[in-house]
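The structure appears right after this line, and notes come after that.
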Amino acid sequence: MTDQSENPEGTQKVMEERSANETAGTPATGPTEKGIAKVVVVMPAYNAALTLASTVSLIPRAWVDEIILVDDHSNDETVKLARTLPLRVIWHPHNVGYGGNQKTCYLQALQDEADVVVMLHPDGQYEPSLIPDLVRPILRGEADLVLGSRLMEKGGALAGGMPLWKYIANRALTTIENRALGTNLSELHTGYRAYSRELLMSIPFLRNSLDFSFDSEVLMQVAYFGFRIGEVPVRTIYSEEASSVGLSASIVYGLKTLGAVGRLVLHRSGLLRSRKLMP
């Protein structure tokens, strides 16, 4: 995940501008199985200048109609570099956090009439070439949310450099969440995801947190509103350039994830209603 600080008081006024090369590289036609569906890749960015260009270059453009990068007030050259690439650039005048960044990403993709929205981190942790694998189950009507799981292939996460403590925490939280959600998924803490338009139009994601717990809250909403979740295997890639959440931030994230699970259980039982789980 891209490390971004939460700023609940930050104004989410969005300054938008299009890259001069926005339409460059956009395919006239896509794969037959893609049909006329519009696939939009959103990239929540924060200090991603070192890896952005290489990540964008690996996106399979025959499958992607538009790329939207939302910069959350980076203090490096992310915006300057993004303006030279074939994508749409949106920047926040204030840092609002990872969850706040995603809110802007999805709102813009929906306004651009996306049928499928893929979240791809620009830091190189996930392989852009796997975008078709995430999109296909949605296009086929088999899933509404597809997760790119780093834990589907036994031993793959650790072999790819995932720290042991992160692996253990991921497995433990995923087990707890599976029980609450009634699912049997291998990983629920991946940042590589594809959403259907119907799902994003239905869940109240704008009510979610501005920080990393946004992802967990989305999963609770997806399960509560009855949307289908699928997963495909992806390779784990840890490098010096890729951002990573430290131990203290991970502990906070874990506690907030457990809080989201508790909120779902209480809401379902009728003991404590939550606006995050209301239409």
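Chain labels A, B, ... are given in the sequence in which chains occur in the structure tokens; within each chain residues are numbered consecutively from 1, and ligands are likewise numbered from 1 in the order shown.
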Contacts of stretch 218-249 of chain A with stretch 130-147 of chain A up to 6 Å, shortest pair per row, only C-alpha atoms, as a Markdown table:
| residue | atom | partner | partner_atom | distance |
| --- | --- | --- | --- | --- |
| A:Phe227 | CA | A:Asp144 | CA | 6.0 |
| A:Arg228 | CA | A:Ala143 | CA | 5.0 |
| A:Ile229 | CA | A:Leu145 | CA | 4.9 |
| A:Gly230 | CA | A:Val146 | CA | 4.6 |
| A:Glu231 | CA | A:Leu147 | CA | 4.5 |
Q | Close residues, stretch 217-224 of chain A itself excluded, 9 Å, only C-alpha atoms, min 2 positions apart in chain, as a ChimeraX atom specification | A | /A:144-145,177,180-183,188,199,203-205,208-209,213-215,226-229,257,260-261,263-264,268,276-278
Those residues you just picked out, can you put them in a file as a compact mmCIF listing (two decimals), in the first residue's frame with N, CA and C atoms?
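Final file, result03.txt:
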# COMPACT_ATOMS: atom_id res chain seq x y z
N ASP A 144 -18.51 -9.47 -8.75
CA ASP A 144 -18.67 -8.01 -8.74
C ASP A 144 -17.40 -7.33 -8.25
N LEU A 145 -16.61 -8.07 -7.47
CA LEU A 145 -15.32 -7.61 -6.98
C LEU A 145 -14.34 -8.75 -7.15
N GLU A 177 -11.99 -12.39 9.20
CA GLU A 177 -12.92 -11.73 8.27
C GLU A 177 -13.74 -12.74 7.48
N ALA A 180 -16.70 -13.77 9.47
CA ALA A 180 -17.73 -12.73 9.56
C ALA A 180 -18.45 -12.53 8.24
N LEU A 181 -17.71 -12.66 7.14
CA LEU A 181 -18.28 -12.40 5.83
C LEU A 181 -18.97 -13.62 5.22
N GLY A 182 -18.66 -14.80 5.77
CA GLY A 182 -19.20 -16.02 5.19
C GLY A 182 -18.51 -16.40 3.91
N THR A 183 -17.24 -16.06 3.80
CA THR A 183 -16.46 -16.34 2.60
C THR A 183 -15.33 -17.31 2.93
N LEU A 188 -7.66 -11.08 2.06
CA LEU A 188 -8.59 -9.96 2.04
C LEU A 188 -7.86 -8.64 2.28
N LEU A 199 -21.45 -2.29 -8.40
CA LEU A 199 -21.01 -2.36 -7.00
C LEU A 199 -20.67 -0.98 -6.47
N ILE A 203 -22.61 0.60 -3.02
CA ILE A 203 -22.09 0.67 -1.66
C ILE A 203 -21.75 2.12 -1.30
N PRO A 204 -21.99 2.53 -0.05
CA PRO A 204 -21.73 3.93 0.35
C PRO A 204 -20.27 4.17 0.72
N PHE A 205 -19.37 4.00 -0.25
CA PHE A 205 -17.94 4.10 0.04
C PHE A 205 -17.51 5.50 0.46
N ASN A 208 -16.81 5.98 4.15
CA ASN A 208 -15.73 5.22 4.77
C ASN A 208 -14.58 6.10 5.24
N SER A 209 -13.65 5.48 5.95
CA SER A 209 -12.51 6.19 6.53
C SER A 209 -11.59 6.74 5.46
N SER A 213 -7.89 1.76 6.52
CA SER A 213 -9.03 0.91 6.87
C SER A 213 -10.16 1.03 5.85
N PHE A 214 -10.06 1.98 4.94
CA PHE A 214 -11.03 2.11 3.86
C PHE A 214 -11.23 0.78 3.13
N ASP A 215 -10.13 0.09 2.83
CA ASP A 215 -10.21 -1.16 2.09
C ASP A 215 -11.03 -2.21 2.83
N GLY A 226 -24.50 -8.06 -0.44
CA GLY A 226 -24.70 -9.27 -1.22
C GLY A 226 -23.98 -9.36 -2.55
N PHE A 227 -22.92 -8.60 -2.73
CA PHE A 227 -22.16 -8.69 -3.97
C PHE A 227 -21.18 -9.87 -3.91
N ARG A 228 -20.86 -10.40 -5.07
CA ARG A 228 -20.01 -11.58 -5.16
C ARG A 228 -18.54 -11.19 -5.24
N ILE A 229 -17.72 -11.93 -4.49
CA ILE A 229 -16.28 -11.66 -4.45
C ILE A 229 -15.53 -12.84 -5.05
N THR A 257 -9.44 -2.79 11.27
CA THR A 257 -10.08 -3.86 10.50
C THR A 257 -10.98 -4.69 11.41
N ALA A 260 -14.06 -2.84 12.01
CA ALA A 260 -14.98 -2.92 10.89
C ALA A 260 -15.76 -4.24 10.92
N VAL A 261 -15.08 -5.32 11.30
CA VAL A 261 -15.74 -6.62 11.43
C VAL A 261 -16.80 -6.55 12.53
N ARG A 263 -18.34 -3.92 13.62
CA ARG A 263 -19.43 -3.06 13.17
C ARG A 263 -20.41 -3.86 12.30
N LEU A 264 -19.87 -4.71 11.43
CA LEU A 264 -20.72 -5.53 10.58
C LEU A 264 -21.56 -6.49 11.41
N ARG A 268 -25.66 -6.30 11.64
CA ARG A 268 -26.49 -7.44 11.22
C ARG A 268 -27.42 -7.90 12.33
N LYS A 276 -22.41 3.30 7.58
CA LYS A 276 -21.54 2.74 6.56
C LYS A 276 -22.14 1.49 5.93
N LEU A 277 -23.18 0.96 6.56
CA LEU A 277 -23.82 -0.24 6.04
C LEU A 277 -25.29 0.02 5.68
N MET A 278 -25.61 1.29 5.46
CA MET A 278 -26.95 1.65 5.04
C MET A 278 -26.91 2.18 3.61
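Proximity ranking of A:Asn170, A:Asn184, A:Ser269, A:Ser196 relative to A:Gly254 places A:Asn170 first, based on only C-alpha atoms.
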**Q.** A:Ile237 environment, 7 Å, only C-alpha atoms, sequence neighbours closer than 5 positions dropped, as a list in words
**A.** Gln125, Tyr126, Gly160 and Gly161 of chain A
Suppose we keep C-alpha atoms; can you now write the selection as an mmCIF file, in the first residue's frame?
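Wrote part.cif, looks like this:
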data_model
loop_
_atom_site.group_PDB
_atom_site.id
_atom_site.type_symbol
_atom_site.label_atom_id
_atom_site.label_comp_id
_atom_site.auth_asym_id
_atom_site.auth_seq_id
_atom_site.Cartn_x
_atom_site.Cartn_y
_atom_site.Cartn_z
ATOM 1 C CA GLN A 125 3.975 -3.982 -5.925
ATOM 2 C CA TYR A 126 1.506 -5.519 -8.378
ATOM 3 C CA GLY A 160 8.248 -12.687 -3.105
ATOM 4 C CA GLY A 161 9.654 -10.912 -0.068
#
Q: Determine the nearest neighbour of A:Asn47 from the options A:Glu66, A:Glu33, A:Asp71, A:Asp211, counting only C-alpha atoms.
A: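 Ranked by minimum distance to A:Asn47, first place goes to A:Asp71.
The residue that comes closest to A:Val234, out of A:Met152, A:Leu185, A:Ile59, A:Leu69 and on the basis of only C-alpha atoms, is A:Met152.
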(Q) Considering only C-alpha atoms, can you say which of A:His94, A:Arg83, A:His189, A:Lys38 comes closest to A:Arg61? (A)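 Residue with the minimum atom-to-atom distance to A:Arg61: A:Lys38.
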Q: Looking only at strand (DSSP E or B) from DSSP on the backbone, list the matching residues of stretch 65-180 of chain A as a PyMOL selection string.
A: chain A and resi 66-71+88-91+116-119+145-149
DSSP-assigned helix (DSSP H, G or I) members of stretch 76-149 of chain A, reported as a PDB file with N, CA and C atoms, in the first residue's frame:
ATOM      1  N   THR A  78       6.005  13.313  -8.637  1.00  0.00           N
ATOM      2  CA  THR A  78       4.959  12.442  -9.176  1.00  0.00           C
ATOM      3  C   THR A  78       4.066  13.165 -10.183  1.00  0.00           C
ATOM      4  N   VAL A  79       3.553  14.332  -9.832  1.00  0.00           N
ATOM      5  CA  VAL A  79       2.636  15.058 -10.713  1.00  0.00           C
ATOM      6  C   VAL A  79       3.346  15.505 -11.989  1.00  0.00           C
ATOM      7  N   LYS A  80       4.546  16.031 -11.840  1.00  0.00           N
ATOM      8  CA  LYS A  80       5.295  16.498 -13.007  1.00  0.00           C
ATOM      9  C   LYS A  80       5.529  15.359 -13.994  1.00  0.00           C
ATOM     10  N   LEU A  81       5.904  14.209 -13.486  1.00  0.00           N
ATOM     11  CA  LEU A  81       6.136  13.055 -14.346  1.00  0.00           C
ATOM     12  C   LEU A  81       4.826  12.561 -14.951  1.00  0.00           C
ATOM     13  N   ALA A  82       3.775  12.509 -14.142  1.00  0.00           N
ATOM     14  CA  ALA A  82       2.489  11.997 -14.624  1.00  0.00           C
ATOM     15  C   ALA A  82       1.966  12.795 -15.809  1.00  0.00           C
ATOM     16  N   TYR A  98      -5.001   7.604   2.193  1.00  0.00           N
ATOM     17  CA  TYR A  98      -5.182   6.543   1.204  1.00  0.00           C
ATOM     18  C   TYR A  98      -6.658   6.313   0.867  1.00  0.00           C
ATOM     19  N   GLY A  99      -7.515   6.301   1.889  1.00  0.00           N
ATOM     20  CA  GLY A  99      -8.938   6.120   1.640  1.00  0.00           C
ATOM     21  C   GLY A  99      -9.543   7.307   0.918  1.00  0.00           C
ATOM     22  N   GLY A 100      -9.138   8.503   1.312  1.00  0.00           N
ATOM     23  CA  GLY A 100      -9.630   9.704   0.648  1.00  0.00           C
ATOM     24  C   GLY A 100      -9.206   9.751  -0.807  1.00  0.00           C
ATOM     25  N   ASN A 101      -8.007   9.261  -1.085  1.00  0.00           N
ATOM     26  CA  ASN A 101      -7.524   9.209  -2.453  1.00  0.00           C
ATOM     27  C   ASN A 101      -8.399   8.274  -3.292  1.00  0.00           C
ATOM     28  N   GLN A 102      -8.721   7.111  -2.747  1.00  0.00           N
ATOM     29  CA  GLN A 102      -9.557   6.161  -3.479  1.00  0.00           C
ATOM     30  C   GLN A 102     -10.949   6.733  -3.765  1.00  0.00           C
ATOM     31  N   LYS A 103     -11.473   7.514  -2.850  1.00  0.00           N
ATOM     32  CA  LYS A 103     -12.792   8.113  -3.078  1.00  0.00           C
ATOM     33  C   LYS A 103     -12.773   8.977  -4.342  1.00  0.00           C
ATOM     34  N   THR A 104     -11.728   9.779  -4.479  1.00  0.00           N
ATOM     35  CA  THR A 104     -11.600  10.601  -5.686  1.00  0.00           C
ATOM     36  C   THR A 104     -11.445   9.727  -6.922  1.00  0.00           C
ATOM     37  N   CYS A 105     -10.633   8.668  -6.799  1.00  0.00           N
ATOM     38  CA  CYS A 105     -10.417   7.746  -7.918  1.00  0.00           C
ATOM     39  C   CYS A 105     -11.738   7.180  -8.429  1.00  0.00           C
ATOM     40  N   TYR A 106     -12.540   6.645  -7.532  1.00  0.00           N
ATOM     41  CA  TYR A 106     -13.766   5.963  -7.945  1.00  0.00           C
ATOM     42  C   TYR A 106     -14.830   6.944  -8.429  1.00  0.00           C
ATOM     43  N   LEU A 107     -14.899   8.099  -7.801  1.00  0.00           N
ATOM     44  CA  LEU A 107     -15.860   9.102  -8.256  1.00  0.00           C
ATOM     45  C   LEU A 107     -15.570   9.520  -9.689  1.00  0.00           C
ATOM     46  N   GLN A 108     -14.294   9.751 -10.003  1.00  0.00           N
ATOM     47  CA  GLN A 108     -13.944  10.180 -11.348  1.00  0.00           C
ATOM     48  C   GLN A 108     -14.193   9.068 -12.359  1.00  0.00           C
ATOM     49  N   ALA A 109     -13.845   7.837 -11.992  1.00  0.00           N
ATOM     50  CA  ALA A 109     -14.055   6.710 -12.904  1.00  0.00           C
ATOM     51  C   ALA A 109     -15.539   6.521 -13.200  1.00  0.00           C
ATOM     52  N   LEU A 110     -16.367   6.658 -12.182  1.00  0.00           N
ATOM     53  CA  LEU A 110     -17.810   6.514 -12.382  1.00  0.00           C
ATOM     54  C   LEU A 110     -18.356   7.632 -13.264  1.00  0.00           C
ATOM     55  N   GLN A 111     -17.871   8.851 -13.047  1.00  0.00           N
ATOM     56  CA  GLN A 111     -18.322   9.969 -13.875  1.00  0.00           C
ATOM     57  C   GLN A 111     -17.866   9.815 -15.327  1.00  0.00           C
ATOM     58  N   PRO A 128       0.938  -5.094 -13.577  1.00  0.00           N
ATOM     59  CA  PRO A 128      -0.115  -4.563 -14.452  1.00  0.00           C
ATOM     60  C   PRO A 128      -0.566  -5.557 -15.514  1.00  0.00           C
ATOM     61  N   SER A 129       0.317  -6.473 -15.902  1.00  0.00           N
ATOM     62  CA  SER A 129      -0.020  -7.434 -16.950  1.00  0.00           C
ATOM     63  C   SER A 129      -1.163  -8.358 -16.544  1.00  0.00           C
ATOM     64  N   LEU A 130      -1.489  -8.404 -15.255  1.00  0.00           N
ATOM     65  CA  LEU A 130      -2.553  -9.285 -14.765  1.00  0.00           C
ATOM     66  C   LEU A 130      -3.923  -8.611 -14.756  1.00  0.00           C
ATOM     67  N   ILE A 131      -3.995  -7.390 -15.231  1.00  0.00           N
ATOM     68  CA  ILE A 131      -5.274  -6.682 -15.271  1.00  0.00           C
ATOM     69  C   ILE A 131      -6.360  -7.493 -15.983  1.00  0.00           C
ATOM     70  N   PRO A 132      -6.085  -8.123 -17.135  1.00  0.00           N
ATOM     71  CA  PRO A 132      -7.138  -8.924 -17.778  1.00  0.00           C
ATOM     72  C   PRO A 132      -7.691 -10.025 -16.876  1.00  0.00           C
ATOM     73  N   ASP A 133      -6.830 -10.629 -16.041  1.00  0.00           N
ATOM     74  CA  ASP A 133      -7.283 -11.691 -15.145  1.00  0.00           C
ATOM     75  C   ASP A 133      -8.286 -11.169 -14.119  1.00  0.00           C
ATOM     76  N   LEU A 134      -8.090  -9.925 -13.667  1.00  0.00           N
ATOM     77  CA  LEU A 134      -9.012  -9.335 -12.702  1.00  0.00           C
ATOM     78  C   LEU A 134     -10.320  -8.909 -13.361  1.00  0.00           C
ATOM     79  N   VAL A 135     -10.230  -8.497 -14.617  1.00  0.00           N
ATOM     80  CA  VAL A 135     -11.402  -7.956 -15.309  1.00  0.00           C
ATOM     81  C   VAL A 135     -12.342  -9.045 -15.827  1.00  0.00           C
ATOM     82  N   ARG A 136     -11.780 -10.144 -16.299  1.00  0.00           N
ATOM     83  CA  ARG A 136     -12.587 -11.180 -16.954  1.00  0.00           C
ATOM     84  C   ARG A 136     -13.759 -11.685 -16.104  1.00  0.00           C
ATOM     85  N   PRO A 137     -13.562 -12.038 -14.823  1.00  0.00           N
ATOM     86  CA  PRO A 137     -14.700 -12.552 -14.047  1.00  0.00           C
ATOM     87  C   PRO A 137     -15.862 -11.561 -13.943  1.00  0.00           C
ATOM     88  N   ILE A 138     -15.556 -10.273 -13.949  1.00  0.00           N
ATOM     89  CA  ILE A 138     -16.615  -9.262 -13.894  1.00  0.00           C
ATOM     90  C   ILE A 138     -17.338  -9.193 -15.236  1.00  0.00           C
ATOM     91  N   LEU A 139     -16.590  -9.196 -16.316  1.00  0.00           N
ATOM     92  CA  LEU A 139     -17.202  -9.140 -17.640  1.00  0.00           C
ATOM     93  C   LEU A 139     -18.075 -10.367 -17.908  1.00  0.00           C
TER      94      LEU A 139
END
Q: Give the answer as one residue: which of A:Leu87, A:Ala37, A:Val118, A:Gly124 has the shortest atom-to-atom distance to A:Leu58, using only C-alpha atoms?
A: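 That would be A:Gly124, the residue with the smallest distance to A:Leu58.
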Q. So which one's closest to A:Leu206, A:Arg235, A:Pro279, A:Ala194, A:Ser250? Using only C-alpha atoms, please.
A.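 Among the listed residues, the smallest separation from A:Leu206 belongs to A:Pro279.
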